[in-house]
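Q: Let me give you the structure first, and then I'll get to my questions.
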Amino acid sequence: MIKDQIESLRRELEQHNYNYYVLSTPVITDLEFDVKLKELQALEEAHPEFFDPNSPTQRVGSDIAAGFKQVAHVYPMLSLGNTYSEGEVQDFYDRVRKGLNEEFELVCELKYDGTSISLTYEDGVLVRAVTRGDGEKGDDVTTNVKTIKSIPLRLHGNYPASFEIRGEILMPWSVFDELNREREEQEEQLFANPRNAASGTLKLQNSKMVASRKLDGYFYYLLGENLPSELHSGNLEAAHSWGFKISEATKVCKTLEEVTEFINYWDIERKNLPVATDGIVLKVNSIAQQRALGFTAKSPRWAISYKFQAEKAVTRLNSVSYQVGRTGAITPVANLDPVQLSGTTVKRASLHNADIIEALDLHIGDMVFVEKGGEIIPKITAVDKDARILIGDKVTFIKKCPECGADLVRFEGEAAHYCPNENACPPQIKGKMEHFVSRKAMNIDGLGSETINLLYQNDLLHNIADIYSLKIPDLIRLERLGTKSAYNIQAGSEKSKEVPFERVVFALGIRFVGETIAKKLAYAFKTIEALESATFEELIAVDEIGERIAQSVVLYFKDPLNVEMVTRLKEAGLQMSLSEEKLQAHGTSLSGLSIVISGTFSQHSRDEYKTMIERNGGKNVGSVSSKTSFILTGENMGPEKLKKAESLGVKLVDEITFLEMIKTVSPSEDDE
Ligand code: IVH
């Protein structure tokens with residue numbers, strides 16, 4: 001049935017959109033996604049009776065995050081039509097030739113694989129930076145973009161009074177590798193590629209952290225009323241002279257042969273670039289000709305992108321192994337005959353989860369295609385079914401934990417399988433301890449993963465609380481541990497007793513409770529006792545704590561083993577409540593004040609401000625009266641409120657001043 005086919009494609013594409021935009025963990029390549037989307041488009045066009053305004057074909061995607069002010073784009077941010085073959089490039093060339101019926105030039109550019117940004121400059125000063133969002137409106141990320149060193153805040157030369165410039169924000173490979181190395185150390189989820197890392201970074205609420213991530217920006221499109229040139233290439237040159245980073249790989253081509261040459265050259269040479277590229281973009285050079293060709297609903301007729309083929313190799317699947325992480329998540333890994341791919345030898349590939357294995361219809365001994373694409377870990381994209389001579393055993397996801405034998409579970413709506421045996425599954429126990437002692441948690445020097453393993457093997461460590469009952473003589477007795485190391489461990493664990501409460505909450509390793517969430521919980525509940533007895537409802541009432549996290553916290557403290565362990569940690573002398581200092585700063589800066597919020601804000605969302613007011617002892621009220629202490633005022637405050645405030649003499653406080661007032665406890669503030 002066509003209807004079923006359409007609906008199942010929609011569901012599938014929705015899932016991929018979710019994986020990509022929400023989880024930042026795509027499981028298929030862009031090409032595969034585009035092929036499926038085109039298939040759906042064709043079916044929908046042939047069967048308009050099944051039209052659905054919410055079909056994945058009806059949206060261009062959105063990357064809007066909570067907490068940023070939204071701004072409408074003056075010129076909508078469109079995407080480009082994608083092509084994958086020289087034939088399709090030729091088709092584009094022919095369409096342009098027919099459409100114009102006169103000579104034309106094409107500008108060839110690299111297609112940078114980051115996240116797009118629109119910058120507005122007025123009188124040579126950067127006034128606004130907005131993400132693509134849904135194409136019509138995006139997030140105002142000016143504060144974050146200002147941290148990017150290669151983006152000029154003030155221009156030089158002869159620039160128009162007002163213009164917009166678009167480009168791509170990128171995370172260089174070197175920065176990306178380092179960031180993932182750090183995340184691996186912290187057992188945080190790795191970014192799949194620099195694109196996700198760049199867009200994730202741009203959406204951080206803490207611009208200091210953004211600055212530390214060393215993003216870069218390349219620009220490729222100038223818009224406005226008084227542009228310097230009637231040629232796209234001329235505008236790029238001008239923009240370069242004002243201070244923008246414009247790719248040197250930009251070439252004006254007069255013939256299709258020149259275009260092909262550009263493509264072939266950069267397909268190889270791009271591997272030496274410091275940032276990721278995934279294709280090339282062709283644009284008609286003359287702005288007048290661009291105008292003549294115009295736009296379709298989604299993209300310009302005067303430009304197109306050509307996507308490079310991801311590098312592929314074929315090799316044999318020998319076996320599938322399953323790794324158990326600290327949280328019990330099971331990762332299936334394919335063991336392959338070694339094969340060369342993009343200059344490295346590939347022996348293993350990620351298989352992601354049970355659904356992917358099923359969809360690939362994998363059998364042991366199969367010849368499989370591995371691809372690197374933009375991802376760091378190669379993945380299996382297909383099976384060469386024609387190469388099957390003898391068919392091996394079908395790969396079916398394991399039912400029991402390979403480490404402890406417990407029955408695996410799968411949470412609703414999640415792709416991963418988990419081993420639920422948290423307190424008795426060796427890699428989970430050891431993983432939890434490694435997390436507990438890590439730098440951002442308790443920071444216990446002297447206890448690396450090898451030492452933890454040694455102590456675990458020798459029955460000296462069973463759970464994290466045991467760290468505080470280790471005795472020097474027991475440690476010294478171990479052959480592989482010197483006296484000095486033993487004392488180091490003791491000194492490290494003594495010192496960790498000063499680590500603040502919020503980091504202790506993080507160190508416990510409660511599933512889904514990362515650094516930021518731990519901090520939120522610590523500030524909201526203030527003591528471990530309050531957190532232990534918090535109900536699901538109390539937990540979700542906290543800003544940014546969703547059902548998934550709330551449930552996980554409740555489950556954690558429901559387990560008597562965890563409760564006992566926390567009690568032992570308390571007895572050992574760990575910080576189990578917010579420090580006096582933080583409590584002070586926390587509770588009192590707005591105490592007794594009635595505050596009205598009005599207007600739109602750029603630093604935090606309205607809800608966040610509400611939370612901040614409450615956390616600082618203030619009261620958020622809806623309407624202005626003589627009892628109102630002050631109005632937290634954003635842009636475009638309602639005229640009624642303004643009038644009333646003036647007549648009653650109520651003070652207006654802007655967001656920067658407000659943040660100064662409460663300094664210590666904005667919800668997304670970080671220690672580092
Ligand atoms: S031009 C109306 N040029 O690709 C034309 N886009 O699918 C606007 N991109 O959203 C885009 N490199 O994020 C253009 N040299 C380049 C590009 C480029 C990367 C991205 C950009 C855009 C997407 C289009």
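Labeling convention for the structure tokens: chains A, B, ... as they appear, residues from 1 per chain, ligands from 1 in order of appearance.
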Write out as a list in words the residues lying within 6 Å of Leu336 in chain A, counting only C-alpha atoms and excluding same-chain residues fewer than 5 positions away.
A: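 With the cut-off at 6 Å, the set is Arg316, Leu317, Asn318, Lys347 and Arg348 of chain A.
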Q: Include all heavy atoms and write out the residues we just selected as a PDB file, in the first residue's frame.
A:
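New file result-v7.pdb:
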```
ATOM      1  N   ARG A 316      35.812  -8.017   5.161  1.00  0.00           N
ATOM      2  CA  ARG A 316      35.007  -9.107   5.699  1.00  0.00           C
ATOM      3  C   ARG A 316      34.677  -8.882   7.175  1.00  0.00           C
ATOM      4  O   ARG A 316      35.526  -8.451   7.952  1.00  0.00           O
ATOM      5  CB  ARG A 316      35.769 -10.427   5.544  1.00  0.00           C
ATOM      6  CG  ARG A 316      34.960 -11.673   5.932  1.00  0.00           C
ATOM      7  CD  ARG A 316      35.758 -12.933   5.732  1.00  0.00           C
ATOM      8  NE  ARG A 316      36.277 -13.048   4.373  1.00  0.00           N
ATOM      9  CZ  ARG A 316      35.565 -13.476   3.319  1.00  0.00           C
ATOM     10  NH1 ARG A 316      34.318 -13.845   3.475  1.00  0.00           N
ATOM     11  NH2 ARG A 316      36.109 -13.533   2.130  1.00  0.00           N
ATOM     12  N   LEU A 317      33.444  -9.205   7.529  1.00  0.00           N
ATOM     13  CA  LEU A 317      33.034  -9.135   8.932  1.00  0.00           C
ATOM     14  C   LEU A 317      33.366 -10.478   9.594  1.00  0.00           C
ATOM     15  O   LEU A 317      32.844 -11.519   9.199  1.00  0.00           O
ATOM     16  CB  LEU A 317      31.523  -8.883   9.021  1.00  0.00           C
ATOM     17  CG  LEU A 317      30.931  -8.999  10.423  1.00  0.00           C
ATOM     18  CD1 LEU A 317      31.374  -7.835  11.300  1.00  0.00           C
ATOM     19  CD2 LEU A 317      29.406  -9.050  10.367  1.00  0.00           C
ATOM     20  N   ASN A 318      34.267 -10.423  10.586  1.00  0.00           N
ATOM     21  CA  ASN A 318      34.678 -11.673  11.237  1.00  0.00           C
ATOM     22  C   ASN A 318      33.847 -12.014  12.460  1.00  0.00           C
ATOM     23  O   ASN A 318      33.537 -13.166  12.721  1.00  0.00           O
ATOM     24  CB  ASN A 318      36.148 -11.600  11.628  1.00  0.00           C
ATOM     25  CG  ASN A 318      37.033 -11.598  10.397  1.00  0.00           C
ATOM     26  OD1 ASN A 318      36.748 -12.308   9.430  1.00  0.00           O
ATOM     27  ND2 ASN A 318      38.070 -10.777  10.391  1.00  0.00           N
ATOM     28  N   LYS A 347      40.118  -1.771  11.463  1.00  0.00           N
ATOM     29  CA  LYS A 347      39.918  -3.162  11.895  1.00  0.00           C
ATOM     30  C   LYS A 347      38.576  -3.338  12.584  1.00  0.00           C
ATOM     31  O   LYS A 347      38.094  -4.440  12.760  1.00  0.00           O
ATOM     32  CB  LYS A 347      41.012  -3.564  12.888  1.00  0.00           C
ATOM     33  CG  LYS A 347      42.351  -3.773  12.245  1.00  0.00           C
ATOM     34  CD  LYS A 347      43.329  -4.292  13.272  1.00  0.00           C
ATOM     35  CE  LYS A 347      44.508  -3.364  13.332  1.00  0.00           C
ATOM     36  NZ  LYS A 347      45.267  -3.256  14.474  1.00  0.00           N
ATOM     37  N   ARG A 348      38.067  -2.215  13.040  1.00  0.00           N
ATOM     38  CA  ARG A 348      36.801  -2.269  13.764  1.00  0.00           C
ATOM     39  C   ARG A 348      35.878  -1.176  13.268  1.00  0.00           C
ATOM     40  O   ARG A 348      36.331  -0.142  12.795  1.00  0.00           O
ATOM     41  CB  ARG A 348      37.064  -2.052  15.269  1.00  0.00           C
ATOM     42  CG  ARG A 348      37.746  -3.230  15.932  1.00  0.00           C
ATOM     43  CD  ARG A 348      38.711  -2.773  17.006  1.00  0.00           C
ATOM     44  NE  ARG A 348      38.037  -2.188  18.157  1.00  0.00           N
ATOM     45  CZ  ARG A 348      37.465  -2.897  19.113  1.00  0.00           C
ATOM     46  NH1 ARG A 348      37.491  -4.207  19.070  1.00  0.00           N
ATOM     47  NH2 ARG A 348      36.878  -2.310  20.123  1.00  0.00           N
TER      48      ARG A 348
END
```
Q: Could you give me the residues within 9 Å of ligand 1, counting only C-alpha atoms and all ligand atoms, as a PyMOL selection string?
A: chain A and resi 76-82+108-117+132+135+166-169+218-221+247+250+277-283+295+299-305
Q: Suppose we keep N, CA and C atoms; can you now write the selection as a short mmCIF file (atom, residue, chain, number, x, y, z; two decimals), in the first residue's frame?
A:
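And here is the file that came out, out21.cif:
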```cif
data_model
loop_
_atom_site.label_atom_id
_atom_site.label_comp_id
_atom_site.auth_asym_id
_atom_site.auth_seq_id
_atom_site.Cartn_x
_atom_site.Cartn_y
_atom_site.Cartn_z
N PRO A 76 15.44 35.22 4.09
CA PRO A 76 15.40 33.86 4.62
C PRO A 76 16.69 33.11 4.30
N MET A 77 17.08 32.21 5.18
CA MET A 77 18.30 31.43 4.94
C MET A 77 17.91 30.12 4.26
N LEU A 78 18.13 30.08 2.97
CA LEU A 78 17.72 28.91 2.19
C LEU A 78 18.82 27.88 2.17
N SER A 79 18.46 26.69 1.73
CA SER A 79 19.52 25.70 1.57
C SER A 79 19.83 25.56 0.08
N LEU A 80 20.72 24.67 -0.24
CA LEU A 80 21.11 24.48 -1.64
C LEU A 80 20.62 23.13 -2.12
N GLY A 81 20.30 23.05 -3.41
CA GLY A 81 19.99 21.76 -3.99
C GLY A 81 21.25 20.91 -3.98
N ASN A 82 21.12 19.63 -3.63
CA ASN A 82 22.30 18.75 -3.59
C ASN A 82 22.41 17.92 -4.86
N CYS A 108 33.32 28.55 -8.21
CA CYS A 108 33.41 27.29 -7.48
C CYS A 108 33.97 27.57 -6.10
N GLU A 109 33.30 27.04 -5.09
CA GLU A 109 33.78 27.21 -3.71
C GLU A 109 33.74 25.87 -3.00
N LEU A 110 34.46 25.78 -1.92
CA LEU A 110 34.35 24.56 -1.11
C LEU A 110 33.08 24.64 -0.30
N LYS A 111 32.47 23.50 -0.07
CA LYS A 111 31.30 23.46 0.80
C LYS A 111 31.81 23.08 2.18
N TYR A 112 31.81 24.05 3.06
CA TYR A 112 32.32 23.83 4.41
C TYR A 112 31.28 23.10 5.24
N ASP A 113 31.74 22.11 5.99
CA ASP A 113 30.81 21.27 6.73
C ASP A 113 30.77 21.68 8.20
N GLY A 114 30.08 22.77 8.45
CA GLY A 114 29.95 23.25 9.83
C GLY A 114 28.51 23.63 10.07
N THR A 115 28.31 24.77 10.71
CA THR A 115 26.95 25.22 10.96
C THR A 115 26.83 26.66 10.46
N SER A 116 25.75 26.96 9.73
CA SER A 116 25.74 28.27 9.07
C SER A 116 25.34 29.39 10.01
N ILE A 117 25.84 30.55 9.68
CA ILE A 117 25.64 31.72 10.54
C ILE A 117 25.39 32.94 9.66
N ARG A 132 20.94 29.58 11.58
CA ARG A 132 19.97 29.39 10.52
C ARG A 132 18.57 29.12 11.06
N GLY A 135 15.29 28.67 9.04
CA GLY A 135 15.45 29.37 7.77
C GLY A 135 14.76 30.73 7.79
N ARG A 166 27.02 35.88 5.21
CA ARG A 166 26.75 34.53 5.69
C ARG A 166 27.96 33.63 5.50
N GLY A 167 28.07 32.70 6.38
CA GLY A 167 29.21 31.80 6.31
C GLY A 167 29.00 30.60 7.20
N GLU A 168 30.08 29.92 7.44
CA GLU A 168 30.01 28.65 8.16
C GLU A 168 30.92 28.72 9.38
N ILE A 169 30.37 28.31 10.52
CA ILE A 169 31.19 28.21 11.73
C ILE A 169 31.70 26.78 11.80
N TYR A 218 34.33 30.73 8.07
CA TYR A 218 34.62 31.08 6.67
C TYR A 218 33.35 31.70 6.10
N PHE A 219 33.51 32.73 5.26
CA PHE A 219 32.32 33.43 4.77
C PHE A 219 32.19 33.34 3.25
N TYR A 220 30.92 33.25 2.78
CA TYR A 220 30.75 32.96 1.37
C TYR A 220 29.55 33.64 0.69
N TYR A 221 28.90 34.58 1.38
CA TYR A 221 27.71 35.15 0.75
C TYR A 221 27.41 36.51 1.37
N SER A 247 37.58 31.70 1.85
CA SER A 247 38.40 30.56 1.45
C SER A 247 39.26 30.89 0.24
N THR A 250 38.64 29.35 -3.94
CA THR A 250 37.49 29.95 -4.62
C THR A 250 37.94 30.29 -6.03
N THR A 277 35.24 19.62 5.00
CA THR A 277 34.45 20.05 3.85
C THR A 277 33.72 18.82 3.34
N ASP A 278 32.55 18.99 2.76
CA ASP A 278 31.85 17.80 2.28
C ASP A 278 31.40 17.92 0.84
N GLY A 279 31.89 18.95 0.15
CA GLY A 279 31.51 19.07 -1.25
C GLY A 279 31.98 20.39 -1.81
N ILE A 280 31.44 20.75 -2.94
CA ILE A 280 31.72 22.08 -3.47
C ILE A 280 30.39 22.78 -3.77
N VAL A 281 30.45 24.10 -3.85
CA VAL A 281 29.25 24.87 -4.17
C VAL A 281 29.53 25.64 -5.45
N LEU A 282 28.58 25.60 -6.38
CA LEU A 282 28.70 26.36 -7.62
C LEU A 282 27.70 27.50 -7.59
N LYS A 283 28.18 28.71 -7.90
CA LYS A 283 27.27 29.86 -7.89
C LYS A 283 27.48 30.66 -9.17
N PHE A 295 14.72 32.18 -7.32
CA PHE A 295 14.70 31.13 -6.31
C PHE A 295 13.51 30.20 -6.51
N SER A 299 15.38 26.89 -2.48
CA SER A 299 16.79 27.15 -2.78
C SER A 299 16.94 28.01 -4.02
N PRO A 300 18.12 28.63 -4.15
CA PRO A 300 18.34 29.47 -5.33
C PRO A 300 18.48 28.63 -6.60
N ARG A 301 18.03 29.17 -7.72
CA ARG A 301 18.24 28.47 -8.99
C ARG A 301 19.65 28.73 -9.52
N TRP A 302 20.33 29.70 -8.90
CA TRP A 302 21.65 30.09 -9.42
C TRP A 302 22.80 29.42 -8.68
N ALA A 303 22.47 28.51 -7.80
CA ALA A 303 23.56 27.83 -7.06
C ALA A 303 23.18 26.39 -6.80
N ILE A 304 24.20 25.57 -6.60
CA ILE A 304 23.96 24.16 -6.31
C ILE A 304 25.16 23.61 -5.55
N SER A 305 24.94 22.53 -4.82
CA SER A 305 26.10 21.92 -4.17
C SER A 305 26.35 20.55 -4.78
#
```
Q: Contacts of range 460-466 of chain A at 10 Å or less, counting only C-alpha atoms, minus same-chain residues fewer than 6 places along, as a ChimeraX atom specification?
A: /A:423-424,426,429-430,432-437,452-454,474-475,507-508,561-562,564-572
Q: Between A:Ala313, A:Leu408, A:Leu222, A:Val333, which has the minimum distance to Ala382 in chain A (counting only C-alpha atoms)?
A: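 Among A:Ala313, A:Leu408, A:Leu222, A:Val333, it is A:Ala313 that comes nearest to Ala382 in chain A.
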Q: Quick one: pick out all helix (DSSP H, G or I) residues within range 217-290 of chain A from a backbone DSSP run and write them as a PyMOL selection string.
A: chain A and resi 232-242+256-272+287-290
Q: For each of A:Thr57, A:Ser493, A:Asn458, A:Asn421, take the minimum atom-to-atom distance to Asp445 in chain A, counting only C-alpha atoms, then give the residue where this is smallest.
A: A:Ser493
Q: Residues at most 12 Å from range 1-6 of chain A, counting only C-alpha atoms, excluding those fewer than 6 positions away in the same chain, as a ChimeraX atom specification?
A: /A:12-13,36-52,55-57
Q: Would you please work out which residue, of A:Asn158, A:Val145, A:Gly224, A:Leu360, is nearest to Leu202 in chain A when using only C-alpha atoms?
A: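 Nearest candidate to Leu202 in chain A out of A:Asn158, A:Val145, A:Gly224, A:Leu360: A:Val145.
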Q: List every residue of range 545-657 of chain A that DSSP, applied to the backbone of this structure, places in strand (DSSP E), and write the result as a PyMOL selection string.
A: chain A and resi 594-598+619-621+630-633+651-654
Q: Which one is closest to Ile377 in chain A: A:Asp393, A:Asn193, A:Leu215, A:Asn636? Count only C-alpha atoms.
A: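 Closest to Ile377 in chain A of all the choices is A:Asn193.
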Q: Using only C-alpha atoms, which of the listed residues (A:Glu182, A:Asp140, A:Glu494, A:Asp543) sits closest to Thr516 in chain A?
A: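 Among the listed residues, the smallest separation from Thr516 in chain A belongs to A:Asp543.
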Q: Could you tell me which of A:Val513, A:Ala415, A:Ala239, A:Thr527 comes closest to Gln551 in chain A if we count only C-alpha atoms?
A: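 With only C-alpha atoms as the atom set, the closest residue is A:Val513.
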Q: Find the residues around Gly618 in chain A up to 12 Å (only C-alpha atoms counted), leave out those fewer than 6 positions away in its own chain, and share them as a VMD selection string.
A: chain A and resid 586 to 596 609 to 612 628 to 630 661 to 662
Q: Could you write out the selected residues, including N, CA and C atoms, as a PDB file, in the first residue's frame?
A:
```pdb
ATOM      1  N   HIS A 586      23.319  32.140  47.432  1.00  0.00           N
ATOM      2  CA  HIS A 586      22.206  31.545  46.746  1.00  0.00           C
ATOM      3  C   HIS A 586      20.886  32.119  47.193  1.00  0.00           C
ATOM      4  N   GLY A 587      20.705  32.057  48.531  1.00  0.00           N
ATOM      5  CA  GLY A 587      19.360  32.311  49.010  1.00  0.00           C
ATOM      6  C   GLY A 587      18.939  33.747  49.158  1.00  0.00           C
ATOM      7  N   THR A 588      19.884  34.656  49.303  1.00  0.00           N
ATOM      8  CA  THR A 588      19.452  35.921  49.877  1.00  0.00           C
ATOM      9  C   THR A 588      19.501  37.154  48.972  1.00  0.00           C
ATOM     10  N   SER A 589      20.212  37.080  47.848  1.00  0.00           N
ATOM     11  CA  SER A 589      20.464  38.343  47.146  1.00  0.00           C
ATOM     12  C   SER A 589      19.180  39.060  46.727  1.00  0.00           C
ATOM     13  N   LEU A 590      18.095  38.339  46.547  1.00  0.00           N
ATOM     14  CA  LEU A 590      16.848  39.007  46.149  1.00  0.00           C
ATOM     15  C   LEU A 590      15.753  38.806  47.206  1.00  0.00           C
ATOM     16  N   SER A 591      16.177  38.408  48.394  1.00  0.00           N
ATOM     17  CA  SER A 591      15.135  37.978  49.328  1.00  0.00           C
ATOM     18  C   SER A 591      14.179  39.117  49.681  1.00  0.00           C
ATOM     19  N   GLY A 592      12.919  38.787  49.689  1.00  0.00           N
ATOM     20  CA  GLY A 592      11.882  39.754  50.008  1.00  0.00           C
ATOM     21  C   GLY A 592      11.467  40.643  48.843  1.00  0.00           C
ATOM     22  N   LEU A 593      12.087  40.483  47.681  1.00  0.00           N
ATOM     23  CA  LEU A 593      11.759  41.371  46.569  1.00  0.00           C
ATOM     24  C   LEU A 593      10.701  40.765  45.641  1.00  0.00           C
ATOM     25  N   SER A 594       9.791  41.621  45.142  1.00  0.00           N
ATOM     26  CA  SER A 594       8.804  41.200  44.139  1.00  0.00           C
ATOM     27  C   SER A 594       9.259  41.726  42.792  1.00  0.00           C
ATOM     28  N   ILE A 595       9.430  40.820  41.845  1.00  0.00           N
ATOM     29  CA  ILE A 595      10.032  41.236  40.579  1.00  0.00           C
ATOM     30  C   ILE A 595       9.134  40.861  39.403  1.00  0.00           C
ATOM     31  N   VAL A 596       8.948  41.832  38.499  1.00  0.00           N
ATOM     32  CA  VAL A 596       8.171  41.577  37.285  1.00  0.00           C
ATOM     33  C   VAL A 596       9.166  41.388  36.134  1.00  0.00           C
ATOM     34  N   TYR A 609      15.252  33.187  33.853  1.00  0.00           N
ATOM     35  CA  TYR A 609      15.247  34.333  34.760  1.00  0.00           C
ATOM     36  C   TYR A 609      14.287  34.097  35.925  1.00  0.00           C
ATOM     37  N   LYS A 610      13.181  33.457  35.602  1.00  0.00           N
ATOM     38  CA  LYS A 610      12.200  33.154  36.640  1.00  0.00           C
ATOM     39  C   LYS A 610      12.845  32.266  37.709  1.00  0.00           C
ATOM     40  N   THR A 611      13.523  31.225  37.231  1.00  0.00           N
ATOM     41  CA  THR A 611      14.200  30.320  38.154  1.00  0.00           C
ATOM     42  C   THR A 611      15.239  31.068  38.977  1.00  0.00           C
ATOM     43  N   MET A 612      15.984  31.941  38.299  1.00  0.00           N
ATOM     44  CA  MET A 612      17.037  32.667  39.022  1.00  0.00           C
ATOM     45  C   MET A 612      16.431  33.519  40.129  1.00  0.00           C
ATOM     46  N   THR A 628       5.776  46.322  43.675  1.00  0.00           N
ATOM     47  CA  THR A 628       6.843  45.759  42.847  1.00  0.00           C
ATOM     48  C   THR A 628       8.183  46.401  43.198  1.00  0.00           C
ATOM     49  N   SER A 629       9.187  45.546  43.440  1.00  0.00           N
ATOM     50  CA  SER A 629      10.497  46.090  43.801  1.00  0.00           C
ATOM     51  C   SER A 629      11.220  46.635  42.579  1.00  0.00           C
ATOM     52  N   PHE A 630      11.244  45.847  41.500  1.00  0.00           N
ATOM     53  CA  PHE A 630      11.781  46.359  40.236  1.00  0.00           C
ATOM     54  C   PHE A 630      11.294  45.494  39.081  1.00  0.00           C
ATOM     55  N   MET A 661      23.694  41.453  39.990  1.00  0.00           N
ATOM     56  CA  MET A 661      23.083  41.421  41.329  1.00  0.00           C
ATOM     57  C   MET A 661      23.122  40.032  41.943  1.00  0.00           C
ATOM     58  N   ILE A 662      22.916  39.004  41.062  1.00  0.00           N
ATOM     59  CA  ILE A 662      22.784  37.664  41.630  1.00  0.00           C
ATOM     60  C   ILE A 662      24.027  36.815  41.372  1.00  0.00           C
TER      61      ILE A 662
END
```
Q: Report as a PyMOL selection string all protein, DNA and RNA residues lying within 6 Å of Ser118 in chain A, evaluated on only C-alpha atoms, omitting residues in the same chain fewer than 5 positions from it.
A: chain A and resi 129-130+165-166
Q: What's around Thr120 in chain A at 7 Å? Count only C-alpha atoms, leave out sequence neighbours fewer than 6 positions away in its own chain, and write the answer as a list in words.
A: Leu126, Val127, Arg128, Ala129, Phe163, Glu164 and Ile165 of chain A
